[in-house]
>>> print(open('start_29.txt').read())   # compact mmCIF, C-alpha atoms
# COMPACT_ATOMS: atom_id res chain seq x y z
CA MET A 1 23.99 38.62 -33.43
CA ILE A 2 27.14 40.36 -32.21
CA LYS A 3 29.95 41.30 -34.57
CA THR A 4 33.33 41.83 -32.98
CA ASP A 5 37.05 41.87 -33.79
CA VAL A 6 37.80 39.13 -31.28
CA LEU A 7 35.81 36.73 -29.11
CA VAL A 8 37.66 35.82 -25.91
CA ILE A 9 36.54 32.61 -24.22
CA GLY A 10 37.31 32.68 -20.52
CA ALA A 11 37.49 35.62 -18.11
CA GLY A 12 40.40 34.43 -16.00
CA PRO A 13 43.56 36.53 -15.59
CA VAL A 14 44.84 35.62 -19.06
CA GLY A 15 41.50 36.33 -20.74
CA LEU A 16 41.35 39.71 -19.01
CA PHE A 17 44.88 40.73 -19.93
CA VAL A 18 44.45 39.81 -23.58
CA VAL A 19 41.54 42.27 -23.65
CA HIS A 20 44.11 44.91 -22.68
CA GLN A 21 46.56 43.82 -25.35
CA LEU A 22 43.78 43.89 -27.94
CA GLY A 23 42.48 47.22 -26.68
CA ILE A 24 45.75 49.10 -27.01
CA ILE A 25 46.06 48.08 -30.65
CA GLY A 26 42.49 49.17 -31.29
CA LEU A 27 40.68 45.85 -31.39
CA LYS A 28 37.31 45.33 -29.75
CA ALA A 29 36.74 42.15 -27.77
CA GLU A 30 33.70 40.42 -26.30
CA VAL A 31 34.28 37.98 -23.42
CA VAL A 32 32.26 34.87 -22.58
CA ASP A 33 32.56 32.91 -19.34
CA ASN A 34 30.50 30.10 -17.84
CA LEU A 35 30.89 31.40 -14.28
CA ASP A 36 28.69 34.15 -12.87
CA LYS A 37 31.72 36.37 -12.22
CA VAL A 38 35.05 37.20 -13.81
CA GLY A 39 38.36 35.86 -12.47
CA GLY A 40 38.38 32.16 -13.36
CA GLN A 41 40.53 29.94 -11.14
CA CYS A 42 41.93 32.98 -9.29
CA ILE A 43 38.48 33.74 -7.91
CA GLU A 44 36.92 30.29 -7.86
CA LEU A 45 39.80 28.19 -6.54
CA TYR A 46 42.09 30.48 -4.57
CA PRO A 47 40.72 34.00 -4.02
CA ASP A 48 42.59 34.39 -0.70
CA LYS A 49 45.79 32.51 -1.52
CA PRO A 50 48.76 34.82 -2.11
CA ILE A 51 50.50 34.62 -5.49
CA TYR A 52 54.21 35.46 -5.44
CA ASP A 53 55.24 35.30 -9.09
CA ILE A 54 53.44 38.09 -10.89
CA PRO A 55 56.25 40.26 -12.33
CA GLY A 56 56.60 43.48 -10.38
CA ILE A 57 54.07 42.46 -7.72
CA PRO A 58 55.89 40.74 -4.82
CA LYS A 59 52.67 39.36 -3.34
CA CYS A 60 48.97 39.57 -4.12
CA THR A 61 45.89 37.39 -3.74
CA GLY A 62 43.90 35.99 -6.65
CA GLU A 63 41.17 38.47 -5.85
CA THR A 64 43.48 41.51 -5.86
CA LEU A 65 45.05 40.46 -9.13
CA ILE A 66 41.65 40.19 -10.81
CA LYS A 67 40.58 43.57 -9.42
CA SER A 68 43.75 45.19 -10.81
CA LEU A 69 43.29 43.57 -14.19
CA LEU A 70 39.71 44.81 -14.37
CA GLU A 71 40.94 48.30 -13.50
CA GLN A 72 43.56 48.02 -16.24
CA ILE A 73 41.02 47.16 -18.94
CA LYS A 74 38.38 49.63 -17.79
CA PRO A 75 39.10 52.10 -20.66
CA PHE A 76 38.03 49.49 -23.21
CA LYS A 77 34.46 49.12 -21.83
CA THR A 78 34.39 45.43 -22.60
CA ASN A 79 31.16 43.42 -22.68
CA PHE A 80 31.22 40.34 -20.47
CA HIS A 81 28.78 37.57 -21.23
CA LEU A 82 28.76 35.70 -17.92
CA ASN A 83 26.86 32.54 -17.01
CA GLU A 84 27.21 31.61 -20.64
CA ARG A 85 29.11 28.80 -22.32
CA VAL A 86 30.27 28.60 -25.91
CA GLN A 87 28.68 25.69 -27.70
CA ALA A 88 29.10 25.40 -31.45
CA ILE A 89 31.49 26.91 -33.95
CA SER A 90 31.26 27.04 -37.73
CA LYS A 91 32.93 28.89 -40.58
CA GLU A 92 30.99 31.68 -42.20
CA LYS A 93 32.91 33.10 -45.19
CA GLU A 94 36.01 34.74 -43.65
CA ASN A 95 34.57 34.71 -40.16
CA TRP A 96 33.84 32.28 -37.35
CA LYS A 97 30.31 31.95 -36.08
CA ILE A 98 30.07 30.95 -32.43
CA THR A 99 26.84 30.05 -30.68
CA THR A 100 26.45 29.97 -26.90
CA ASN A 101 24.18 27.81 -24.76
CA LYS A 102 21.86 30.82 -24.54
CA ASN A 103 21.71 30.99 -28.34
CA LYS A 104 23.70 34.19 -28.54
CA ILE A 105 25.63 34.36 -31.83
CA PHE A 106 29.03 35.98 -32.32
CA ILE A 107 30.52 36.70 -35.75
CA THR A 108 34.26 37.34 -35.63
CA PRO A 109 37.47 36.69 -37.56
CA ASN A 110 39.31 35.83 -34.32
CA VAL A 111 38.55 33.53 -31.40
CA ILE A 112 40.96 33.43 -28.45
CA ILE A 113 40.44 30.47 -26.15
CA ALA A 114 41.69 31.36 -22.67
CA GLY A 115 39.66 28.65 -21.04
CA GLY A 116 42.01 27.39 -18.34
CA VAL A 117 41.25 23.75 -17.71
CA GLY A 118 37.68 24.17 -18.91
CA SER A 119 34.45 25.66 -17.66
CA PHE A 120 33.42 25.29 -14.05
CA GLU A 121 30.53 22.95 -13.33
CA PRO A 122 29.15 21.62 -10.06
CA ARG A 123 30.65 18.39 -8.77
CA LYS A 124 27.98 15.72 -8.67
CA PHE A 125 26.98 12.88 -6.40
CA SER A 126 29.02 9.78 -7.10
CA ILE A 127 26.16 7.30 -7.31
CA LYS A 128 24.74 5.35 -10.21
CA ASP A 129 21.82 6.68 -12.25
CA ILE A 130 21.85 9.95 -10.33
CA GLU A 131 21.24 11.87 -13.59
CA LYS A 132 17.63 10.69 -13.90
CA PHE A 133 16.75 12.44 -10.64
CA GLU A 134 18.55 15.69 -11.52
CA ASN A 135 16.37 18.80 -11.45
CA ASN A 136 13.46 16.90 -9.97
CA SER A 137 14.81 15.44 -6.71
CA VAL A 138 18.52 16.17 -6.99
CA PHE A 139 19.94 19.70 -7.18
CA TYR A 140 23.37 21.35 -7.09
CA SER A 141 22.12 24.91 -6.71
CA ILE A 142 19.00 26.64 -5.44
CA LYS A 143 17.09 29.09 -7.58
CA ASP A 144 13.89 29.40 -5.55
CA LYS A 145 14.00 28.19 -1.97
CA ASN A 146 10.20 28.07 -1.74
CA TYR A 147 10.34 25.00 -3.97
CA PHE A 148 11.52 23.14 -0.85
CA LYS A 149 8.93 24.60 1.55
CA ASN A 150 7.52 22.06 4.02
CA LYS A 151 9.53 19.27 2.39
CA LYS A 152 12.23 16.95 3.64
CA VAL A 153 15.63 18.07 2.31
CA CYS A 154 19.05 16.45 2.74
CA ILE A 155 21.97 18.82 2.17
CA PHE A 156 25.42 17.36 1.48
CA GLY A 157 28.75 19.14 1.90
CA GLY A 158 30.96 20.81 4.49
CA GLY A 159 31.64 24.23 3.00
CA ASP A 160 29.89 27.58 3.22
CA SER A 161 27.22 26.81 0.60
CA ALA A 162 26.12 23.65 2.41
CA LEU A 163 26.12 25.33 5.83
CA ASP A 164 24.41 28.54 4.71
CA TRP A 165 21.65 26.74 2.84
CA ALA A 166 21.12 24.27 5.68
CA VAL A 167 20.63 27.18 8.09
CA GLU A 168 18.41 29.12 5.71
CA LEU A 169 16.23 26.22 4.60
CA SER A 170 15.79 25.02 8.18
CA GLU A 171 13.27 27.86 8.58
CA ILE A 172 10.90 26.46 5.98
CA SER A 173 11.93 22.82 5.43
CA GLU A 174 12.86 19.71 7.38
CA VAL A 175 16.64 19.76 6.86
CA THR A 176 19.29 17.10 7.41
CA LEU A 177 22.88 18.21 6.85
CA VAL A 178 25.19 15.34 5.86
CA HIS A 179 28.97 15.57 5.70
CA ARG A 180 31.77 13.02 5.28
CA ARG A 181 33.61 14.08 8.45
CA ASN A 182 32.82 15.77 11.74
CA GLU A 183 34.63 19.00 10.91
CA PHE A 184 33.13 21.59 8.58
CA ARG A 185 35.44 23.65 6.42
CA GLY A 186 32.98 26.52 6.06
CA ALA A 187 33.08 29.63 8.25
CA GLU A 188 33.26 28.75 11.94
CA HIS A 189 30.35 31.04 12.69
CA SER A 190 28.08 29.24 10.18
CA ALA A 191 29.04 25.84 11.59
CA ASP A 192 28.23 27.11 15.10
CA VAL A 193 24.83 28.37 13.99
CA ALA A 194 24.06 24.99 12.40
CA LYS A 195 25.10 23.15 15.57
CA LYS A 196 22.98 25.46 17.70
CA LEU A 197 19.95 24.80 15.46
CA GLU A 198 20.61 21.09 15.82
CA LYS A 199 20.47 21.40 19.63
CA GLU A 200 17.20 23.27 19.32
CA GLY A 201 15.83 20.46 17.17
CA LYS A 202 15.43 22.68 14.10
CA LEU A 203 17.98 20.85 11.99
CA LYS A 204 19.59 17.41 11.92
CA ILE A 205 23.31 16.88 11.34
CA LYS A 206 24.64 13.52 10.18
CA THR A 207 28.43 13.09 10.27
CA PRO A 208 30.59 11.32 9.25
CA PHE A 209 28.29 9.99 6.56
CA GLN A 210 28.29 9.75 2.79
CA ILE A 211 25.53 8.82 0.39
CA GLN A 212 25.45 5.20 -0.77
CA SER A 213 22.28 4.92 -2.81
CA ILE A 214 18.88 6.36 -3.66
CA GLU A 215 15.53 4.58 -3.28
CA GLY A 216 12.71 5.67 -5.54
CA LYS A 217 11.46 5.37 -9.10
CA ASP A 218 10.85 8.77 -10.64
CA LYS A 219 11.32 10.77 -7.48
CA ILE A 220 13.40 10.10 -4.41
CA ASN A 221 11.62 8.34 -1.53
CA SER A 222 14.62 7.78 0.68
CA ILE A 223 18.39 7.58 0.64
CA ILE A 224 20.87 5.21 2.24
CA LEU A 225 23.77 6.81 4.09
CA LYS A 226 26.90 4.94 5.01
CA LYS A 227 29.62 5.44 7.56
CA GLU A 228 33.29 4.67 7.02
CA ASP A 229 32.94 1.40 8.98
CA GLY A 230 30.23 0.24 6.57
CA LYS A 231 27.24 0.89 8.83
CA THR A 232 24.25 2.19 6.89
CA GLU A 233 21.20 4.23 7.74
CA GLU A 234 18.07 4.98 5.72
CA ILE A 235 16.62 8.49 5.69
CA LYS A 236 13.28 9.48 4.18
CA THR A 237 13.66 12.58 2.03
CA ASP A 238 12.04 14.43 -0.85
CA PHE A 239 15.15 16.18 -2.14
CA ILE A 240 18.91 15.93 -1.95
CA LEU A 241 21.15 18.93 -2.55
CA GLY A 242 24.87 18.52 -3.21
CA PHE A 243 27.35 21.34 -2.51
CA PHE A 244 30.72 19.81 -3.34
CA GLY A 245 32.25 22.81 -5.06
CA LEU A 246 33.05 23.10 -8.74
CA ILE A 247 35.11 21.07 -11.16
CA MET A 248 36.52 22.10 -14.53
CA LYS A 249 35.29 20.37 -17.68
CA LEU A 250 36.52 21.19 -21.15
CA GLY A 251 32.99 20.87 -22.56
CA PRO A 252 32.03 21.53 -26.20
CA ILE A 253 35.47 22.99 -27.11
CA ALA A 254 36.72 19.40 -27.09
CA GLU A 255 34.60 18.83 -30.22
CA TRP A 256 35.95 21.78 -32.19
CA GLY A 257 38.57 19.73 -34.06
CA LEU A 258 41.58 21.41 -32.46
CA ASN A 259 43.76 18.28 -32.29
CA LEU A 260 43.61 18.04 -28.50
CA ASP A 261 46.58 16.54 -26.74
CA LYS A 262 45.73 15.41 -23.19
CA LYS A 263 42.89 17.92 -22.94
CA LYS A 264 45.21 20.73 -24.06
CA ILE A 265 45.23 22.61 -27.36
CA PRO A 266 48.51 22.54 -29.32
CA VAL A 267 49.57 25.95 -30.64
CA ASP A 268 52.24 27.57 -32.77
CA THR A 269 54.36 29.69 -30.42
CA GLU A 270 54.83 32.40 -33.03
CA ASN A 271 51.24 33.61 -32.65
CA PHE A 272 49.49 31.02 -30.44
CA GLN A 273 47.28 30.00 -33.31
CA THR A 274 45.78 26.51 -33.20
CA ASN A 275 45.49 24.21 -36.20
CA LYS A 276 42.64 26.47 -37.38
CA LYS A 277 43.28 29.93 -38.79
CA GLY A 278 41.88 32.64 -36.55
CA ILE A 279 41.49 30.40 -33.50
CA TYR A 280 44.12 30.89 -30.82
CA ALA A 281 44.68 29.28 -27.43
CA ILE A 282 46.48 30.95 -24.53
CA GLY A 283 47.03 30.28 -20.82
CA ASP A 284 46.65 26.92 -19.11
CA ILE A 285 44.63 25.45 -21.97
CA CYS A 286 47.39 25.64 -24.59
CA THR A 287 50.36 23.33 -24.96
CA TYR A 288 53.71 23.60 -26.74
CA PRO A 289 57.25 22.40 -26.02
CA GLY A 290 58.36 24.02 -22.77
CA LYS A 291 54.91 25.25 -21.75
CA LEU A 292 54.66 26.46 -18.15
CA LYS A 293 51.28 26.78 -16.47
CA LEU A 294 52.01 30.21 -15.04
CA ILE A 295 49.88 33.33 -15.17
CA LEU A 296 52.87 35.29 -16.46
CA SER A 297 53.29 32.88 -19.38
CA GLY A 298 49.64 33.39 -20.24
CA PHE A 299 50.17 37.17 -20.37
CA HIS A 300 52.98 36.76 -22.91
CA GLU A 301 50.93 34.32 -24.96
CA GLY A 302 48.08 36.82 -25.05
CA ALA A 303 50.32 39.66 -26.19
CA LEU A 304 51.42 37.66 -29.23
CA ALA A 305 47.96 36.29 -30.03
CA ALA A 306 46.53 39.84 -29.92
CA ARG A 307 48.96 41.01 -32.65
CA ALA A 308 48.01 38.03 -34.79
CA CYS A 309 44.34 38.98 -34.42
CA PHE A 310 45.11 42.40 -35.88
CA LYS A 311 46.02 40.93 -39.27
CA LEU A 312 42.64 39.21 -39.64
CA ALA A 313 40.54 41.98 -38.08
CA ARG A 314 42.20 44.81 -40.08
CA PRO A 315 43.43 43.13 -43.27
CA ASN A 316 43.93 46.47 -45.03
CA GLU A 317 45.90 48.16 -42.28
CA LYS A 318 49.48 47.68 -41.30
CA TYR A 319 50.22 46.92 -37.67
CA ARG A 320 52.80 49.20 -36.11
CA PHE A 321 54.54 48.19 -32.89
CA GLU A 322 54.37 50.94 -30.27
CA PHE A 323 55.24 51.39 -26.60
CA THR A 324 52.66 52.51 -24.04
CA THR A 325 55.23 54.92 -22.59
CA THR A 326 55.50 56.99 -25.74
CA SER A 327 52.60 56.23 -28.06
CA LYS A 328 50.01 59.03 -28.13
CA ASN A 329 47.81 56.65 -30.05
CA ILE A 330 47.80 54.07 -27.25
CA GLN A 331 47.53 56.66 -24.51
CA GLU A 332 44.45 58.07 -26.21
CA LYS A 333 42.88 54.60 -26.20
CA LEU A 334 43.71 54.28 -22.52
CA GLY A 335 42.15 57.68 -21.83
CA VAL A 336 45.38 59.11 -20.44
CA LYS A 337 45.13 62.84 -19.73
CA LYS A 338 48.14 65.11 -20.07
CA SER A 339 48.17 65.84 -16.34
CA ASP A 340 48.33 62.07 -15.46
CA MET B 1 65.21 6.44 -7.00
CA PRO B 2 62.14 5.39 -4.98
CA LYS B 3 59.71 3.15 -6.84
CA ILE B 4 56.04 4.04 -6.67
CA THR B 5 53.27 1.73 -7.81
CA TYR B 6 50.22 3.39 -9.34
CA ILE B 7 47.20 1.15 -9.82
CA GLU B 8 44.50 2.40 -12.18
CA HIS B 9 40.86 1.78 -11.37
CA ASN B 10 40.83 -1.07 -13.93
CA GLU B 11 43.66 -2.75 -11.92
CA LYS B 12 46.31 -1.88 -14.51
CA SER B 13 49.48 -1.41 -12.47
CA HIS B 14 52.51 0.80 -13.20
CA GLU B 15 55.72 0.64 -11.20
CA ILE B 16 57.59 3.89 -11.77
CA GLU B 17 60.84 5.35 -10.47
CA VAL B 18 60.12 8.85 -9.24
CA ALA B 19 62.86 11.29 -8.29
CA ASN B 20 63.04 12.56 -4.72
CA GLY B 21 61.40 15.93 -4.30
CA LEU B 22 58.70 15.42 -6.92
CA SER B 23 55.13 14.89 -5.74
CA VAL B 24 53.39 11.54 -6.22
CA MET B 25 51.06 13.44 -8.59
CA GLU B 26 53.97 14.68 -10.74
CA GLY B 27 55.35 11.14 -10.90
CA ALA B 28 52.11 10.02 -12.53
CA VAL B 29 51.59 13.00 -14.83
CA GLN B 30 55.18 13.04 -16.12
CA ASN B 31 54.94 9.36 -16.95
CA ASN B 32 51.58 9.63 -18.71
CA ILE B 33 49.75 7.44 -16.22
CA SER B 34 46.05 8.00 -16.60
CA GLY B 35 43.67 8.42 -13.68
CA ILE B 36 45.24 11.50 -12.13
CA ASP B 37 44.04 14.77 -13.68
CA ALA B 38 45.68 17.42 -11.47
CA ASP B 39 43.65 20.24 -13.04
CA CYS B 40 45.08 22.97 -10.82
CA GLY B 41 48.67 21.88 -11.44
CA GLY B 42 49.49 20.89 -7.87
CA SER B 43 48.38 23.76 -5.67
CA CYS B 44 45.96 21.76 -3.51
CA ALA B 45 43.05 23.59 -5.07
CA CYS B 46 41.02 21.11 -7.13
CA ALA B 47 40.97 17.57 -5.68
CA THR B 48 41.51 15.92 -9.06
CA CYS B 49 44.74 14.11 -8.10
CA HIS B 50 42.89 12.02 -5.52
CA VAL B 51 44.34 8.58 -4.71
CA TYR B 52 43.69 5.81 -2.22
CA VAL B 53 46.92 5.06 -0.40
CA ASP B 54 47.60 1.42 0.42
CA GLU B 55 46.55 0.83 4.04
CA LYS B 56 50.05 -0.27 5.16
CA TRP B 57 51.52 2.94 3.80
CA PHE B 58 48.92 5.41 4.96
CA SER B 59 50.26 5.86 8.49
CA LYS B 60 53.86 6.17 7.23
CA LEU B 61 53.08 9.29 5.21
CA PRO B 62 53.44 12.76 6.72
CA LYS B 63 50.02 13.83 8.04
CA LYS B 64 47.54 15.77 5.94
CA GLU B 65 47.38 19.50 6.46
CA SER B 66 43.93 20.94 7.00
CA ALA B 67 43.87 22.46 3.50
CA GLU B 68 44.22 18.98 2.03
CA GLU B 69 41.49 17.56 4.28
CA ASP B 70 39.23 20.43 3.20
CA MET B 71 39.88 19.73 -0.48
CA LEU B 72 39.19 16.04 0.02
CA ASP B 73 35.59 17.02 0.85
CA MET B 74 35.26 17.76 -2.85
CA ALA B 75 37.02 14.66 -4.14
CA TYR B 76 35.13 11.92 -5.94
CA GLU B 77 34.30 9.12 -3.47
CA PRO B 78 36.74 9.97 -0.69
CA LYS B 79 37.52 7.12 1.70
CA LYS B 80 39.50 6.49 4.88
CA PHE B 81 42.86 6.23 3.09
CA SER B 82 42.26 9.05 0.62
CA ARG B 83 45.03 11.55 -0.08
CA LEU B 84 45.73 14.21 -2.68
CA SER B 85 48.80 12.99 -4.51
CA CYS B 86 50.10 16.53 -5.13
CA GLN B 87 50.59 16.85 -1.37
CA ILE B 88 52.80 13.77 -0.98
CA THR B 89 56.47 14.49 -1.65
CA VAL B 90 58.56 11.57 -2.80
CA GLU B 91 61.58 10.63 -0.64
CA ASP B 92 63.64 7.49 -0.07
CA SER B 93 61.40 6.33 2.77
CA LEU B 94 58.49 6.09 0.31
CA ASP B 95 60.24 3.43 -1.82
CA GLY B 96 57.55 0.83 -2.51
CA LEU B 97 54.55 3.13 -1.96
CA VAL B 98 51.35 1.85 -3.55
CA VAL B 99 48.49 4.15 -4.53
CA LYS B 100 45.20 3.35 -6.28
CA MET B 101 43.22 5.73 -8.42
CA PRO B 102 39.46 6.23 -8.02
CA SER B 103 37.06 5.37 -10.87
CA LYS B 104 37.21 9.03 -11.90
CA GLN B 105 38.37 12.38 -10.61
CA GLY B 106 35.02 14.14 -10.68
>>> encode(input="start_29.txt", output="structure tokens")
Amino acid sequence: MIKTDVLVIGAGPVGLFVVHQLGIIGLKAEVVDNLDKVGGQCIELYPDKPIYDIPGIPKCTGETLIKSLLEQIKPFKTNFHLNERVQAISKEKENWKITTNKNKIFITPNVIIAGGVGSFEPRKFSIKDIEKFENNSVFYSIKDKNYFKNKKVCIFGGGDSALDWAVELSEISEVTLVHRRNEFRGAEHSADVAKKLEKEGKLKIKTPFQIQSIEGKDKINSIILKKEDGKTEEIKTDFILGFFGLIMKLGPIAEWGLNLDKKKIPVDTENFQTNKKGIYAIGDICTYPGKLKLILSGFHEGALAARACFKLARPNEKYRFEFTTTSKNIQEKLGVKKSD
Amino acid sequence: MPKITYIEHNEKSHEIEVANGLSVMEGAVQNNISGIDADCGGSCACATCHVYVDEKWFSKLPKKESAEEDMLDMAYEPKKFSRLSCQITVEDSLDGLVVKMPSKQG
């Protein structure tokens, strides 16, 4: 069980900056994110795309912004609980009790949801009854490649994950790489390696094909592929692996009774509190009249939510507004030395 | 203003006037038409504003850029006339455009 002043859900740019805003007023935060790394959409959707509207930074990529934010919150030595998704929430006296999918429990008076559009999950095959084959014949990630040794494996997708795994597994498995068009969007070098292996007979490439159906009862026996013109082809296979990138799903937060409006959480713009005391929503996930889905708006929202957290985390203390330029108190928290 | 027809997967049809300069995605979202999620807000980064453009209209639209084609790899059930509606800008010449939504966005 972890007791903390604030639990922040989501380690995107807004989740990271609110840690800073909490830190300078002396509040300790723990951060949970379903991805295996911090950065949220900035890292997962557009790491290399330049952003032009961060105040004071004419141009930076998603990756640079996240690196800078991490640098900015370094003094607060924040714990990140990655690869972990919040599940249930309940009231425990004055506090909230939050349980994750790994059964970690947080006890805190304040929960800040900075969850973007939801947690990232793999995109799945779009065929009926696919779920019953999941984790036995159908996979969206690979934990142990030896599981596929000497087996027939069909890999779907055109990005780096699909290409890299096709190349790697071709050494120990009978691999067919299937993609909906002839061009691969992954690194040119990886696509060239795959094509070379195909020439050498070490790998099969099927384009432009998509999956139509699965044959088999408990395990897959074969799959039917179809072309755009309707032509089909049957392929015997033991496993199918889908690498179609990630999609955002709101997940269990949708069941927390926060009066969702079109998958967004309505908030009071005075402190970004939801309909529940001590639960706040900031960034893309919150909604209010005039809301803009901009990173800079999320930063402002976090600054106000952080001050509201103070009242519940330190009920017997009075919050005093201070500037980072002049406050010795804040500069001490940031570890600023006199010579800096 | 150009009229755009959005047809939901259940065949429910909406004819909407959309101002020039908006994207086909924004036309749907601003008018509360379901079936287009647009999770990333229109930056060609999520493939959840996927539509099937009516065959007659497909060739009249400005061509896809490679970033859009790449994102379509991740769309749910992409087909020959698939487009991302955030990448289609409404103009007078698109008056009468018909787009259909897939059964879901992912």
>>> closest_residue(input="start_29.txt", among="A:Gly116, A:Gly216, A:Gly186, A:Pro13", to="Gly251 (chain A)", atoms="all atoms listed in the file")
A:Gly116
>>> closest_atom_pairs(input="start_29.txt", of="chain B", to="chain A", cutoff="6 Å", atoms="only C-alpha atoms", output="tab-separated table")
residue	atom	partner	partner_atom	distance
B:Ala45	CA	A:Leu45	CA	5.8
B:Asp70	CA	A:Arg185	CA	5.9
B:Met74	CA	A:Phe244	CA	5.0
>>> write_last_selection(input="start_29.txt", atoms="C-alpha atoms", output="compact mmCIF listing (two decimals), in the coordinates of the input")
# COMPACT_ATOMS: atom_id res chain seq x y z
CA ALA B 45 43.05 23.59 -5.07
CA ASP B 70 39.23 20.43 3.20
CA MET B 74 35.26 17.76 -2.85
>>> residues_around(input="start_29.txt", residues="His14 (chain B)", least_positions_apart="4", cutoff="10 Å", atoms="only C-alpha atoms", output="list in words")
Lys3, Ile4, Thr5, Tyr6, Ile7, Glu8, Ala28, Asn31, Ile33 and Val98 of chain B
>>> residues_around(input="start_29.txt", residues="region 162-166 of chain A", least_positions_apart="4", cutoff="9 Å", atoms="only C-alpha atoms", output="PyMOL selection string")
chain A and resi 142+153-158+170+175-177+184+186-187+190-191+193-194+203+241-244
>>> atom_distance(input="start_29.txt", atom1="CA of Ile172 (chain A)", atom2="CA of Asp144 (chain A)")
12.3 Å
>>> atom_distance(input="start_29.txt", atom1="CA of Ile235 (chain A)", atom2="CA of Thr207 (chain A)")
13.5 Å
>>> closest_residue(input="start_29.txt", among="B:Ala38, B:Ala67, B:Val99, B:Val53", to="Lys79 (chain B)", atoms="only C-alpha atoms")
B:Val53
>>> residues_near_point(input="start_29.txt", point="(44.9, 18.0, -14.5)", cutoff="10 Å", atoms="only C-alpha atoms", output="list of chain:residue names")
A:Val117, A:Met248, A:Lys262, A:Lys263, A:Lys264, B:Met25, B:Val29, B:Gly35, B:Ile36, B:Asp37, B:Ala38, B:Asp39, B:Cys40, B:Gly41, B:Gly42, B:Cys46, B:Ala47, B:Thr48, B:Cys49, B:Gln105
>>> atom_distance(input="start_29.txt", atom1="CA of Leu296 (chain A)", atom2="CA of Leu69 (chain A)")
12.9 Å
>>> residues_around(input="start_29.txt", residues="Ala88 (chain A)", least_positions_apart="6", cutoff="8 Å", atoms="all atoms listed in the file", output="VMD selection string")
chain A and resid 98 to 100 252 256
>>> closest_residue(input="start_29.txt", among="B:Ile16, B:Met1, B:Val24, B:Ala75", to="Gly106 (chain B)", atoms="only C-alpha atoms")
B:Ala75
>>> closest_residue(input="start_29.txt", among="B:Asp73, B:Glu26, B:Glu17, B:Glu55", to="Gln87 (chain B)", atoms="only C-alpha atoms")
B:Glu26
